[in-house]
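K.L.:
Here's a structure for you.
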2 protein chains.
Amino acid sequence: MRGVLDIPEDLIELQGRIADSLVEVERVFGEQLASDLLPVDAMCAHVERYRGKMLRPTLVMLCGAVADPDGEFGSRAHVIAGAVCEMVHMATLVHDDVLDEAEIRRRGKTLNELRGNEAAVILGDYLIASAYALCSSLESPVPSRIVGNASAVMCTGELLQLHNRENLSLDEGTYFEILERKTAALIGASCELGALCSLGFGRGDDPVVGALRAYGRSMGVAFQIQDDVLDLTGTEEVVGKSVGKDLEKGKLTYPVIHHLGALGGERRGQSLGWIRSIAGGDASATGRLLEAIRSTGSIEAARVRAGSLVDEAKRSLDMVGENAGSSMLRVLADAVVRRDH
Amino acid sequence: MRGVLDIPEDLIELQGRIADSLVEVERVFGEQLASDLLPVDAMCAHVERYRGKMLRPTLVMLCGAVADPDGEFGSRAHVIAGAVCEMVHMATLVHDDVLDEAEIRRRGKTLNELRGNEAAVILGDYLIASAYALCSSLESPVPSRIVGNASAVMCTGELLQLHNRENLSLDEGTYFEILERKTAALIGASCELGALCSLGFGRGDDPVVGALRAYGRSMGVAFQIQDDVLDLTGTEEVVGKSVGKDLEKGKLTYPVIHHLGALGGERRGQSLGWIRSIAGGDASATGRLLEAIRSTGSIEAARVRAGSLVDEAKRSLDMVGENAGSSMLRVLADAVVRRDH
């Protein structure tokens, strides 16, 4: 992950090779979306600016490196798989912004804000169709299977989340079900694809593939919990930044679920009242609610939970052997819960 | 096409076999969308009611029958390809309804009307992801390539159409470019897939495959012109039906483009004024505009154009040989421009 990692000396060479292959991913990404129609091109150029950490292509490359430590992870298949995962991810960002009526992403205006919801819905569709078209240019249907299934699971996670909006009795089990579908499935698929690009697409049963997929899934859930924590804690750290978005949208996240679970009687009723009013559009209670959430140690509990998922992710790597790739995956997993943006 | 065709005696046996295979398509369609999550299942059940003519799966079967007249066109591959094409089509219906803020489809409420735009956007995404997942269950990546590419082209057609909303100088060339992308690409792909399911996925270069794809594309453009004509002529024939939707949305269609092209000076200015006011939300000029459109013979010109595309579609079949399948494709092509709904 570009720039956000404190990389140990002995992994710098690997980091450089990954950076090189990410340049290739960006090239293939741009080529696939290129259109002879000017308005399509203009919109794609705008959306390409959303590209941030390139987590998914990075995982494709790293898992490729782990699965075949002596081989090349920057093959055409790895590059295509990396671009496909990033494109699917970007399609979900574009549609999420429509659903959330978001105006800003990565310091720029969102496409829905700039061109309207209609263009954003269709462009998201174009991104996803292009991702599948690119994926099916590989010689095996296996990557298309993995990406198609992961995307369908992602959508069910989004639908489950939507169904539970304003459900103030959302339980921990359903919360994790949403995370596993919405976020972890594609991250796990990125890891799986990276390994298969190195080993061959017929090697789906190889335990290394399963271990890397498990790493990705645990890490993906941890990643999303950290996102949820940042949505709450950003207020204090970054002055003027609009946070608490999840609460405004009526989405209960881990810290809030933990908080409500830790309380009984009157205080619980008070917190529920605040949550209702924030979801109803009145943000004035946000400060008091945050204080209450802190008082039950719920932010800390979320961090502990994310930390234990990171440990689980790292334990999945025990069987894949020690090499630069697996060391980097450990560094990456730690970084996921340390990041502040 | 169920019930809408006047089938010659000698094609009734074929029609029965197609009806049987469409039952299989519906089964696979439902199985693929089945989810362990109740809210997902409920939405899919609603959307399944949108299923209408099943044109695309019918074309998969018929083109399968043409490509291999002595073989079976209802194989697992044909059924999967048929379900995939129908699912992609249905995903576009669901998203189109969001874009058009449509409230009614096939005499039932649209999903956006019933569950909100958010659910409709995500459910469309779920349908498209499920289509790809299903398509990649075939043993070759070729069908995924065809479907992925056709879907991406469809999206560029939608974007081009959106870009030209309220463009009152839209020319015929761009109008046909939109139709070829938005409608004809997937219908052509359905024909291509049907043929390949019979011949084998490595037979993409076979001239029969190309001929059937060409048939589908010409027929697809004719189909859309007829849709555009029905959007204008429905007013007079079906009392109380809300038509002229394209004009309300600022979409110029063939009859309107022909009409404007046939006029000069003052009368052209008058028609442009009516079109502008209709697109601006005032439908009071619809009657006068329709009369003006008829006065330049533009409805008839659209019918003639659709008819010549149907002839072109039928000529594409000249090289595939005479058999029940190709006879039925001819009947189907004629029905496309004769239909009134």
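Every chain in the structure tokens has a letter given in the order shown (A, B, ...), and although residue numbers restart at 1 in each chain, ligands are simply numbered from 1 in the order shown.
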Extract, using only C-alpha atoms, all DNA, RNA and protein residues at most 10 Å from Met319 in chain A, discarding same-chain residues fewer than 2 positions from it, and format them as a VMD selection string.
P.N.:
chain A and resid 207 to 208 211 to 212 315 to 317 321 to 322
K.L.:
Hey, what's within 12 Å of Leu38 in chain B if we count only C-alpha atoms and toss same-chain stuff fewer than 3 positions away? As a list in words, please?
P.N.:
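What passes the distance filter is Thr156, Leu159, Leu160 and His163 of chain A; Leu33, Ala34, Ser35, Asp41, Ala42, Met43, Cys44 and Ala45 of chain B.
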K.L.:
Produce a file of the selected residues containing N, CA and C atoms, as an mmCIF file, in the first residue's frame.
P.N.:
```
data_model
loop_
_atom_site.group_PDB
_atom_site.id
_atom_site.type_symbol
_atom_site.label_atom_id
_atom_site.label_comp_id
_atom_site.auth_asym_id
_atom_site.auth_seq_id
_atom_site.Cartn_x
_atom_site.Cartn_y
_atom_site.Cartn_z
ATOM 1 N N THR A 156 -25.465 -8.936 -2.060
ATOM 2 C CA THR A 156 -26.364 -9.408 -0.998
ATOM 3 C C THR A 156 -25.994 -8.732 0.331
ATOM 4 N N LEU A 159 -27.535 -5.363 0.195
ATOM 5 C CA LEU A 159 -28.993 -5.464 0.391
ATOM 6 C C LEU A 159 -29.330 -5.734 1.855
ATOM 7 N N LEU A 160 -28.523 -6.582 2.493
ATOM 8 C CA LEU A 160 -28.749 -6.889 3.911
ATOM 9 C C LEU A 160 -28.540 -5.632 4.753
ATOM 10 N N HIS A 163 -31.469 -3.370 4.242
ATOM 11 C CA HIS A 163 -32.635 -3.912 4.940
ATOM 12 C C HIS A 163 -32.570 -3.596 6.437
ATOM 13 N N LEU B 33 -30.658 -17.024 -8.587
ATOM 14 C CA LEU B 33 -30.921 -15.842 -7.759
ATOM 15 C C LEU B 33 -31.297 -16.193 -6.326
ATOM 16 N N ALA B 34 -31.628 -17.469 -6.094
ATOM 17 C CA ALA B 34 -32.055 -17.868 -4.757
ATOM 18 C C ALA B 34 -30.983 -17.506 -3.743
ATOM 19 N N SER B 35 -31.407 -16.944 -2.643
ATOM 20 C CA SER B 35 -30.459 -16.519 -1.619
ATOM 21 C C SER B 35 -30.934 -17.027 -0.280
ATOM 22 N N ASP B 41 -34.359 -12.574 -1.399
ATOM 23 C CA ASP B 41 -35.304 -13.463 -2.072
ATOM 24 C C ASP B 41 -36.612 -12.755 -2.412
ATOM 25 N N ALA B 42 -37.098 -11.950 -1.496
ATOM 26 C CA ALA B 42 -38.374 -11.264 -1.712
ATOM 27 C C ALA B 42 -38.260 -10.311 -2.894
ATOM 28 N N MET B 43 -37.154 -9.593 -2.991
ATOM 29 C CA MET B 43 -36.982 -8.654 -4.099
ATOM 30 C C MET B 43 -36.843 -9.366 -5.428
ATOM 31 N N CYS B 44 -36.111 -10.483 -5.427
ATOM 32 C CA CYS B 44 -35.946 -11.241 -6.670
ATOM 33 C C CYS B 44 -37.290 -11.770 -7.149
ATOM 34 N N ALA B 45 -38.102 -12.219 -6.213
ATOM 35 C CA ALA B 45 -39.418 -12.748 -6.573
ATOM 36 C C ALA B 45 -40.230 -11.651 -7.251
#
```
K.L.:
Write out, as a tab-separated table, each residue of chain A that has an atom at most 6 Å from chain B, together with the closest pair of atoms and their distance in Å to one decimal, counting only C-alpha atoms, rows going by chain and rising number.
P.N.:
```
residue	atom	partner	partner_atom	distance
A:Leu99	CA	B:Glu118	CA	5.4
A:Glu118	CA	B:Leu99	CA	5.4
A:Tyr126	CA	B:Cys155	CA	5.2
A:Ala129	CA	B:Ala152	CA	4.9
A:Ser130	CA	B:Ala152	CA	5.6
A:Tyr132	CA	B:Gly148	CA	5.3
A:Ala133	CA	B:Gly148	CA	4.2
A:Ser136	CA	B:Arg145	CA	5.1
A:Ser140	CA	B:Pro141	CA	5.8
A:Pro141	CA	B:Pro141	CA	4.4
A:Ser144	CA	B:Ser136	CA	5.7
A:Arg145	CA	B:Ser136	CA	5.1
A:Gly148	CA	B:Ala133	CA	4.2
A:Asn149	CA	B:Ala133	CA	5.2
A:Ser151	CA	B:Ala129	CA	5.6
A:Ala152	CA	B:Ala129	CA	4.9
A:Cys155	CA	B:Tyr126	CA	5.3
```
K.L.:
Using all C-alpha atoms paired in order, least-squares fit chain A onto chain B and give me the moved copy as a CSV table (one decimal) with C-alpha atoms, in the first residue's frame.
P.N.:
```csv
chain,number,residue,atom,x,y,z
A,1,MET,CA,-42.3,-15.5,-28.4
A,2,ARG,CA,-45.1,-16.7,-26.3
A,3,GLY,CA,-48.6,-16.2,-27.7
A,4,VAL,CA,-47.7,-13.3,-29.9
A,5,LEU,CA,-46.9,-15.2,-33.0
A,6,ASP,CA,-49.1,-16.6,-35.7
A,7,ILE,CA,-47.2,-19.8,-36.1
A,8,PRO,CA,-47.4,-21.8,-39.3
A,9,GLU,CA,-48.6,-25.4,-38.9
A,10,ASP,CA,-45.2,-26.9,-39.6
A,11,LEU,CA,-43.4,-24.9,-36.9
A,12,ILE,CA,-45.7,-25.9,-34.0
A,13,GLU,CA,-43.5,-28.8,-33.0
A,14,LEU,CA,-40.5,-26.6,-32.7
A,15,GLN,CA,-42.5,-24.0,-30.8
A,16,GLY,CA,-43.4,-26.7,-28.3
A,17,ARG,CA,-39.8,-27.6,-27.8
A,18,ILE,CA,-38.8,-24.0,-27.3
A,19,ALA,CA,-41.6,-23.6,-24.7
A,20,ASP,CA,-40.2,-26.6,-22.9
A,21,SER,CA,-36.7,-25.2,-22.8
A,22,LEU,CA,-37.9,-21.8,-21.7
A,23,VAL,CA,-39.4,-23.5,-18.6
A,24,GLU,CA,-35.9,-24.8,-17.9
A,25,VAL,CA,-34.5,-21.3,-18.4
A,26,GLU,CA,-37.0,-20.0,-15.8
A,27,ARG,CA,-35.9,-22.7,-13.4
A,28,VAL,CA,-32.2,-22.0,-13.7
A,29,PHE,CA,-32.9,-18.3,-13.5
A,30,GLY,CA,-34.7,-18.7,-10.2
A,31,GLU,CA,-32.1,-21.1,-8.8
A,32,GLN,CA,-29.3,-18.7,-9.5
A,33,LEU,CA,-30.9,-15.8,-7.8
A,34,ALA,CA,-32.1,-17.9,-4.8
A,35,SER,CA,-30.5,-16.5,-1.6
A,36,ASP,CA,-30.5,-17.6,2.0
A,37,LEU,CA,-31.3,-14.0,2.8
A,38,LEU,CA,-35.0,-13.5,3.0
A,39,PRO,CA,-35.1,-9.8,1.9
A,40,VAL,CA,-33.0,-10.6,-1.2
A,41,ASP,CA,-35.3,-13.5,-2.1
A,42,ALA,CA,-38.4,-11.3,-1.8
A,43,MET,CA,-37.0,-8.6,-4.1
A,44,CYS,CA,-36.0,-11.2,-6.7
A,45,ALA,CA,-39.4,-12.7,-6.6
A,46,HIS,CA,-40.9,-9.3,-7.4
A,47,VAL,CA,-38.5,-8.7,-10.3
A,48,GLU,CA,-39.2,-12.1,-11.8
A,49,ARG,CA,-42.6,-10.8,-12.6
A,50,TYR,CA,-41.1,-8.4,-15.0
A,51,ARG,CA,-40.3,-11.3,-17.3
A,52,GLY,CA,-42.2,-10.8,-20.5
A,53,LYS,CA,-41.6,-12.0,-24.0
A,54,MET,CA,-38.4,-13.9,-23.2
A,55,LEU,CA,-37.1,-12.8,-26.5
A,56,ARG,CA,-33.4,-13.3,-25.7
A,57,PRO,CA,-33.7,-16.9,-24.4
A,58,THR,CA,-36.0,-17.7,-27.4
A,59,LEU,CA,-33.3,-16.4,-29.7
A,60,VAL,CA,-30.6,-18.5,-27.9
A,61,MET,CA,-32.7,-21.6,-28.5
A,62,LEU,CA,-33.7,-20.8,-32.1
A,63,CYS,CA,-30.1,-19.9,-33.1
A,64,GLY,CA,-29.0,-23.1,-31.4
A,65,ALA,CA,-31.5,-25.0,-33.6
A,66,VAL,CA,-30.4,-23.3,-36.7
A,67,ALA,CA,-26.7,-23.9,-36.1
A,68,ASP,CA,-27.2,-27.6,-35.6
A,69,PRO,CA,-30.6,-28.6,-37.1
A,70,ASP,CA,-30.3,-32.2,-36.1
A,71,GLY,CA,-29.0,-31.6,-32.6
A,72,GLU,CA,-30.6,-30.7,-29.4
A,73,PHE,CA,-30.9,-27.0,-28.6
A,74,GLY,CA,-32.1,-27.4,-25.1
A,75,SER,CA,-28.7,-28.5,-23.6
A,76,ARG,CA,-27.5,-27.2,-20.3
A,77,ALA,CA,-25.3,-24.7,-22.1
A,78,HIS,CA,-28.3,-23.3,-24.1
A,79,VAL,CA,-30.4,-23.1,-21.0
A,80,ILE,CA,-27.7,-21.3,-19.0
A,81,ALA,CA,-26.9,-18.9,-21.9
A,82,GLY,CA,-30.7,-18.1,-22.2
A,83,ALA,CA,-31.0,-17.4,-18.5
A,84,VAL,CA,-27.8,-15.2,-18.6
A,85,CYS,CA,-29.1,-13.1,-21.4
A,86,GLU,CA,-32.5,-12.7,-19.8
A,87,MET,CA,-30.9,-11.8,-16.4
A,88,VAL,CA,-28.6,-9.1,-18.0
A,89,HIS,CA,-31.7,-7.7,-19.8
A,90,MET,CA,-33.6,-7.6,-16.6
A,91,ALA,CA,-30.8,-5.9,-14.7
A,92,THR,CA,-31.0,-3.1,-17.4
A,93,LEU,CA,-34.8,-2.9,-16.9
A,94,VAL,CA,-34.4,-2.4,-13.1
A,95,HIS,CA,-31.8,0.3,-13.5
A,96,ASP,CA,-33.7,1.9,-16.4
A,97,ASP,CA,-36.7,2.2,-14.2
A,98,VAL,CA,-34.5,4.0,-11.6
A,99,LEU,CA,-33.1,6.4,-14.2
A,100,ASP,CA,-36.6,7.1,-15.7
A,101,GLU,CA,-38.2,7.3,-12.3
A,102,ALA,CA,-40.8,4.8,-13.7
A,103,GLU,CA,-43.6,3.8,-11.4
A,104,ILE,CA,-45.1,1.0,-13.5
A,105,ARG,CA,-43.7,-1.9,-15.4
A,106,ARG,CA,-45.8,-4.8,-16.8
A,107,ARG,CA,-48.8,-3.7,-14.9
A,108,GLY,CA,-47.0,-3.9,-11.5
A,109,LYS,CA,-45.2,-1.3,-9.5
A,110,THR,CA,-41.5,-1.0,-10.2
A,111,LEU,CA,-39.0,-2.0,-7.6
A,112,ASN,CA,-37.8,1.6,-7.2
A,113,GLU,CA,-41.4,2.7,-6.5
A,114,LEU,CA,-41.9,-0.1,-4.1
A,115,ARG,CA,-38.6,-0.3,-2.3
A,116,GLY,CA,-36.8,2.9,-3.2
A,117,ASN,CA,-34.0,3.7,-5.6
A,118,GLU,CA,-31.3,2.3,-3.3
A,119,ALA,CA,-32.7,-1.2,-3.3
A,120,ALA,CA,-33.3,-1.0,-7.0
A,121,VAL,CA,-29.8,0.0,-7.8
A,122,ILE,CA,-28.3,-2.8,-5.7
A,123,LEU,CA,-30.8,-5.4,-7.0
A,124,GLY,CA,-29.8,-4.5,-10.5
A,125,ASP,CA,-26.2,-5.0,-9.5
A,126,TYR,CA,-27.1,-8.3,-8.0
A,127,LEU,CA,-28.8,-9.4,-11.2
A,128,ILE,CA,-25.8,-8.5,-13.3
A,129,ALA,CA,-23.3,-10.2,-10.9
A,130,SER,CA,-25.5,-13.3,-10.8
A,131,ALA,CA,-25.7,-13.3,-14.6
A,132,TYR,CA,-21.9,-13.3,-14.8
A,133,ALA,CA,-21.5,-15.9,-12.1
A,134,LEU,CA,-24.0,-18.2,-13.9
A,135,CYS,CA,-22.3,-17.6,-17.3
A,136,SER,CA,-18.9,-18.5,-15.9
A,137,SER,CA,-20.2,-21.8,-14.7
A,138,LEU,CA,-19.9,-22.9,-18.4
A,139,GLU,CA,-16.6,-24.7,-19.1
A,140,SER,CA,-15.3,-22.0,-21.5
A,141,PRO,CA,-14.5,-18.3,-20.9
A,142,VAL,CA,-15.9,-17.5,-24.4
A,143,PRO,CA,-19.6,-17.0,-23.3
A,144,SER,CA,-18.4,-14.7,-20.4
A,145,ARG,CA,-16.4,-12.7,-23.0
A,146,ILE,CA,-19.4,-12.3,-25.3
A,147,VAL,CA,-21.7,-11.3,-22.4
A,148,GLY,CA,-19.2,-9.0,-20.7
A,149,ASN,CA,-18.4,-7.2,-23.9
A,150,ALA,CA,-22.0,-6.9,-24.9
A,151,SER,CA,-22.9,-5.5,-21.5
A,152,ALA,CA,-20.1,-2.9,-21.6
A,153,VAL,CA,-21.3,-1.8,-25.1
A,154,MET,CA,-24.9,-1.6,-23.8
A,155,CYS,CA,-23.7,0.8,-21.0
A,156,THR,CA,-21.9,3.0,-23.5
A,157,GLY,CA,-25.1,3.2,-25.5
A,158,GLU,CA,-27.0,4.3,-22.4
A,159,LEU,CA,-24.3,6.8,-21.6
A,160,LEU,CA,-24.4,8.1,-25.2
A,161,GLN,CA,-28.2,8.4,-24.9
A,162,LEU,CA,-28.0,10.2,-21.7
A,163,HIS,CA,-25.4,12.6,-23.1
A,164,ASN,CA,-27.8,13.4,-25.9
A,165,ARG,CA,-30.8,14.1,-23.8
A,166,GLU,CA,-32.4,17.3,-24.7
A,167,ASN,CA,-30.1,17.5,-27.7
A,168,LEU,CA,-32.7,18.7,-30.3
A,169,SER,CA,-30.2,18.4,-33.1
A,170,LEU,CA,-29.6,14.7,-32.6
A,171,ASP,CA,-28.8,13.2,-36.0
A,172,GLU,CA,-29.9,9.9,-37.4
A,173,GLY,CA,-26.3,8.5,-37.3
A,174,THR,CA,-26.0,9.0,-33.5
A,175,TYR,CA,-29.6,7.7,-33.0
A,176,PHE,CA,-28.6,4.5,-34.7
A,177,GLU,CA,-25.3,4.3,-32.9
A,178,ILE,CA,-27.3,4.4,-29.6
A,179,LEU,CA,-29.7,1.7,-30.7
A,180,GLU,CA,-27.0,-0.6,-31.9
A,181,ARG,CA,-25.2,-0.3,-28.6
A,182,LYS,CA,-28.2,-0.1,-26.2
A,183,THR,CA,-30.4,-2.8,-27.7
A,184,ALA,CA,-28.9,-4.6,-30.7
A,185,ALA,CA,-25.6,-5.7,-29.0
A,186,LEU,CA,-27.2,-8.0,-26.5
A,187,ILE,CA,-29.8,-9.4,-28.9
A,188,GLY,CA,-26.9,-10.1,-31.4
A,189,ALA,CA,-25.0,-11.7,-28.5
A,190,SER,CA,-28.0,-13.9,-27.6
A,191,CYS,CA,-28.0,-15.2,-31.2
A,192,GLU,CA,-24.2,-15.7,-31.2
A,193,LEU,CA,-24.3,-17.6,-27.9
A,194,GLY,CA,-27.1,-19.9,-29.1
A,195,ALA,CA,-25.1,-20.9,-32.2
A,196,LEU,CA,-21.9,-21.4,-30.2
A,197,CYS,CA,-23.7,-23.6,-27.6
A,198,SER,CA,-24.6,-25.9,-30.5
A,199,LEU,CA,-21.4,-25.7,-32.5
A,200,GLY,CA,-18.9,-25.5,-29.6
A,201,PHE,CA,-17.4,-22.4,-28.1
A,202,GLY,CA,-14.2,-22.6,-30.2
A,203,ARG,CA,-16.2,-22.0,-33.4
A,204,GLY,CA,-16.5,-18.3,-33.2
A,205,ASP,CA,-15.2,-17.9,-36.8
A,206,ASP,CA,-17.9,-20.1,-38.3
A,207,PRO,CA,-19.9,-18.0,-40.9
A,208,VAL,CA,-23.2,-19.3,-39.5
A,209,VAL,CA,-22.3,-17.7,-36.1
A,210,GLY,CA,-21.6,-14.4,-37.8
A,211,ALA,CA,-24.8,-14.6,-39.9
A,212,LEU,CA,-27.0,-15.3,-36.8
A,213,ARG,CA,-25.3,-12.5,-34.9
A,214,ALA,CA,-26.0,-10.1,-37.8
A,215,TYR,CA,-29.6,-11.3,-37.9
A,216,GLY,CA,-29.9,-10.5,-34.2
A,217,ARG,CA,-28.3,-7.0,-34.5
A,218,SER,CA,-30.6,-5.9,-37.4
A,219,MET,CA,-33.6,-7.4,-35.7
A,220,GLY,CA,-32.6,-5.6,-32.5
A,221,VAL,CA,-32.5,-2.2,-34.1
A,222,ALA,CA,-35.8,-2.9,-35.8
A,223,PHE,CA,-37.2,-3.9,-32.4
A,224,GLN,CA,-36.1,-0.6,-30.8
A,225,ILE,CA,-37.5,1.5,-33.7
A,226,GLN,CA,-40.8,-0.2,-33.2
A,227,ASP,CA,-40.6,0.5,-29.5
A,228,ASP,CA,-40.1,4.2,-30.3
A,229,VAL,CA,-43.0,4.2,-32.7
A,230,LEU,CA,-45.3,2.6,-30.1
A,231,ASP,CA,-44.2,5.2,-27.6
A,232,LEU,CA,-45.8,7.8,-29.9
A,233,THR,CA,-48.7,6.0,-31.4
A,234,GLY,CA,-50.0,4.3,-28.2
A,235,THR,CA,-51.8,7.5,-27.3
A,236,GLU,CA,-54.5,7.1,-29.9
A,237,GLU,CA,-54.8,3.4,-29.6
A,238,VAL,CA,-54.8,2.7,-25.9
A,239,VAL,CA,-56.9,5.3,-24.2
A,240,GLY,CA,-55.5,6.6,-20.9
A,241,LYS,CA,-52.1,5.0,-21.3
A,242,SER,CA,-49.2,7.3,-20.5
A,243,VAL,CA,-47.2,7.5,-23.7
A,244,GLY,CA,-44.9,10.0,-25.3
A,245,LYS,CA,-42.5,9.1,-22.4
A,246,ASP,CA,-39.4,9.5,-24.7
A,247,LEU,CA,-40.3,13.1,-25.5
A,248,GLU,CA,-40.9,13.8,-21.8
A,249,LYS,CA,-37.4,12.6,-21.1
A,250,GLY,CA,-36.0,14.7,-23.9
A,251,LYS,CA,-35.1,11.6,-26.0
A,252,LEU,CA,-35.4,12.2,-29.7
A,253,THR,CA,-36.5,9.1,-31.6
A,254,TYR,CA,-36.5,8.1,-35.3
A,255,PRO,CA,-40.0,9.5,-36.1
A,256,VAL,CA,-39.1,12.9,-34.4
A,257,ILE,CA,-35.7,13.1,-36.1
A,258,HIS,CA,-37.3,12.3,-39.4
A,259,HIS,CA,-39.9,14.9,-38.8
A,260,LEU,CA,-37.5,17.7,-37.9
A,261,GLY,CA,-35.3,16.7,-40.9
A,262,ALA,CA,-38.3,17.0,-43.3
A,263,LEU,CA,-39.2,20.5,-42.2
A,264,GLY,CA,-37.5,23.9,-42.7
A,265,GLY,CA,-38.0,27.4,-41.3
A,266,GLU,CA,-41.0,28.3,-39.4
A,267,ARG,CA,-42.7,24.9,-39.1
A,268,ARG,CA,-39.5,23.4,-37.8
A,269,GLY,CA,-39.2,26.1,-35.2
A,270,GLN,CA,-42.8,25.4,-34.1
A,271,SER,CA,-42.2,21.6,-33.7
A,272,LEU,CA,-39.0,22.4,-31.8
A,273,GLY,CA,-40.9,24.6,-29.5
A,274,TRP,CA,-43.4,21.9,-28.8
A,275,ILE,CA,-40.7,19.4,-28.1
A,276,ARG,CA,-39.0,21.8,-25.7
A,277,SER,CA,-42.2,22.4,-23.8
A,278,ILE,CA,-43.0,18.6,-23.5
A,279,ALA,CA,-39.4,17.9,-22.3
A,280,GLY,CA,-39.9,20.8,-19.9
A,281,GLY,CA,-42.9,19.0,-18.3
A,282,ASP,CA,-45.8,20.6,-20.2
A,283,ALA,CA,-47.5,17.8,-22.1
A,284,SER,CA,-50.2,20.0,-23.6
A,285,ALA,CA,-48.6,20.2,-27.0
A,286,THR,CA,-48.3,16.5,-27.4
A,287,GLY,CA,-51.4,16.2,-29.6
A,288,ARG,CA,-50.3,19.0,-31.9
A,289,LEU,CA,-46.8,17.6,-32.2
A,290,LEU,CA,-48.1,14.1,-33.0
A,291,GLU,CA,-50.3,15.5,-35.7
A,292,ALA,CA,-47.3,17.4,-37.2
A,293,ILE,CA,-45.2,14.2,-37.0
A,294,ARG,CA,-47.9,12.4,-39.0
A,295,SER,CA,-48.2,15.2,-41.5
A,296,THR,CA,-44.6,14.7,-42.6
A,297,GLY,CA,-45.2,10.9,-42.9
A,298,SER,CA,-42.6,10.3,-40.1
A,299,ILE,CA,-44.4,7.5,-38.3
A,300,GLU,CA,-44.7,5.7,-41.7
A,301,ALA,CA,-41.0,6.4,-42.4
A,302,ALA,CA,-40.0,4.8,-39.1
A,303,ARG,CA,-42.1,1.7,-40.0
A,304,VAL,CA,-40.5,1.5,-43.4
A,305,ARG,CA,-37.1,1.8,-41.8
A,306,ALA,CA,-37.9,-0.9,-39.3
A,307,GLY,CA,-39.3,-3.0,-42.1
A,308,SER,CA,-36.1,-2.7,-44.2
A,309,LEU,CA,-34.0,-3.7,-41.1
A,310,VAL,CA,-36.3,-6.8,-40.8
A,311,ASP,CA,-35.6,-7.6,-44.4
A,312,GLU,CA,-31.9,-7.2,-43.7
A,313,ALA,CA,-32.2,-9.5,-40.8
A,314,LYS,CA,-33.9,-12.1,-42.9
A,315,ARG,CA,-31.3,-11.8,-45.7
A,316,SER,CA,-28.6,-12.6,-43.1
A,317,LEU,CA,-30.3,-16.0,-42.8
A,318,ASP,CA,-29.9,-16.8,-46.6
A,319,MET,CA,-26.6,-18.6,-46.0
A,320,VAL,CA,-27.7,-20.7,-42.9
A,321,GLY,CA,-29.9,-23.0,-44.9
A,322,GLU,CA,-33.6,-23.8,-44.8
A,323,ASN,CA,-34.9,-25.5,-41.6
A,324,ALA,CA,-37.6,-25.1,-39.0
A,325,GLY,CA,-35.3,-22.9,-36.9
A,326,SER,CA,-34.5,-20.4,-39.7
A,327,SER,CA,-38.2,-20.3,-40.7
A,328,MET,CA,-39.1,-19.4,-37.1
A,329,LEU,CA,-36.5,-16.7,-37.0
A,330,ARG,CA,-38.1,-15.2,-40.1
A,331,VAL,CA,-41.5,-15.3,-38.5
A,332,LEU,CA,-40.1,-13.7,-35.4
A,333,ALA,CA,-38.4,-10.9,-37.3
A,334,ASP,CA,-41.8,-10.1,-39.0
A,335,ALA,CA,-43.5,-10.2,-35.6
A,336,VAL,CA,-41.1,-7.6,-34.2
A,337,VAL,CA,-42.5,-4.8,-36.3
A,338,ARG,CA,-46.1,-6.0,-36.3
A,339,ARG,CA,-46.4,-6.0,-32.5
A,340,ASP,CA,-48.5,-3.4,-30.8
A,341,HIS,CA,-47.0,-3.8,-27.3
```
K.L.:
From a DSSP pass on the backbone, collect the residues of range 10-231 of chain B flagged as strand (DSSP E) and hand them back as a list of chain:residue names.
P.N.:
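Residues of range 10-231 of chain B classed as strand (DSSP E): B:Ile104, B:Arg105, B:Gly108, B:Lys109.
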K.L.:
For those residues, write C-alpha atoms to a file as a CSV table (one decimal), in the first residue's frame.
P.N.:
```csv
chain,number,residue,atom,x,y,z
B,104,ILE,CA,-45.2,0.9,-13.4
B,105,ARG,CA,-43.7,-2.0,-15.3
B,108,GLY,CA,-47.0,-3.9,-11.5
B,109,LYS,CA,-45.2,-1.4,-9.4
```
K.L.:
Please report, as number ranges by chain, each residue of range 78-226 of chain A to which DSSP assigns alpha helix (DSSP H) when run on this structure's backbone.
P.N.:
A: 78-99, 111-115, 117-135, 142-163, 172-179, 185-199, 207-226
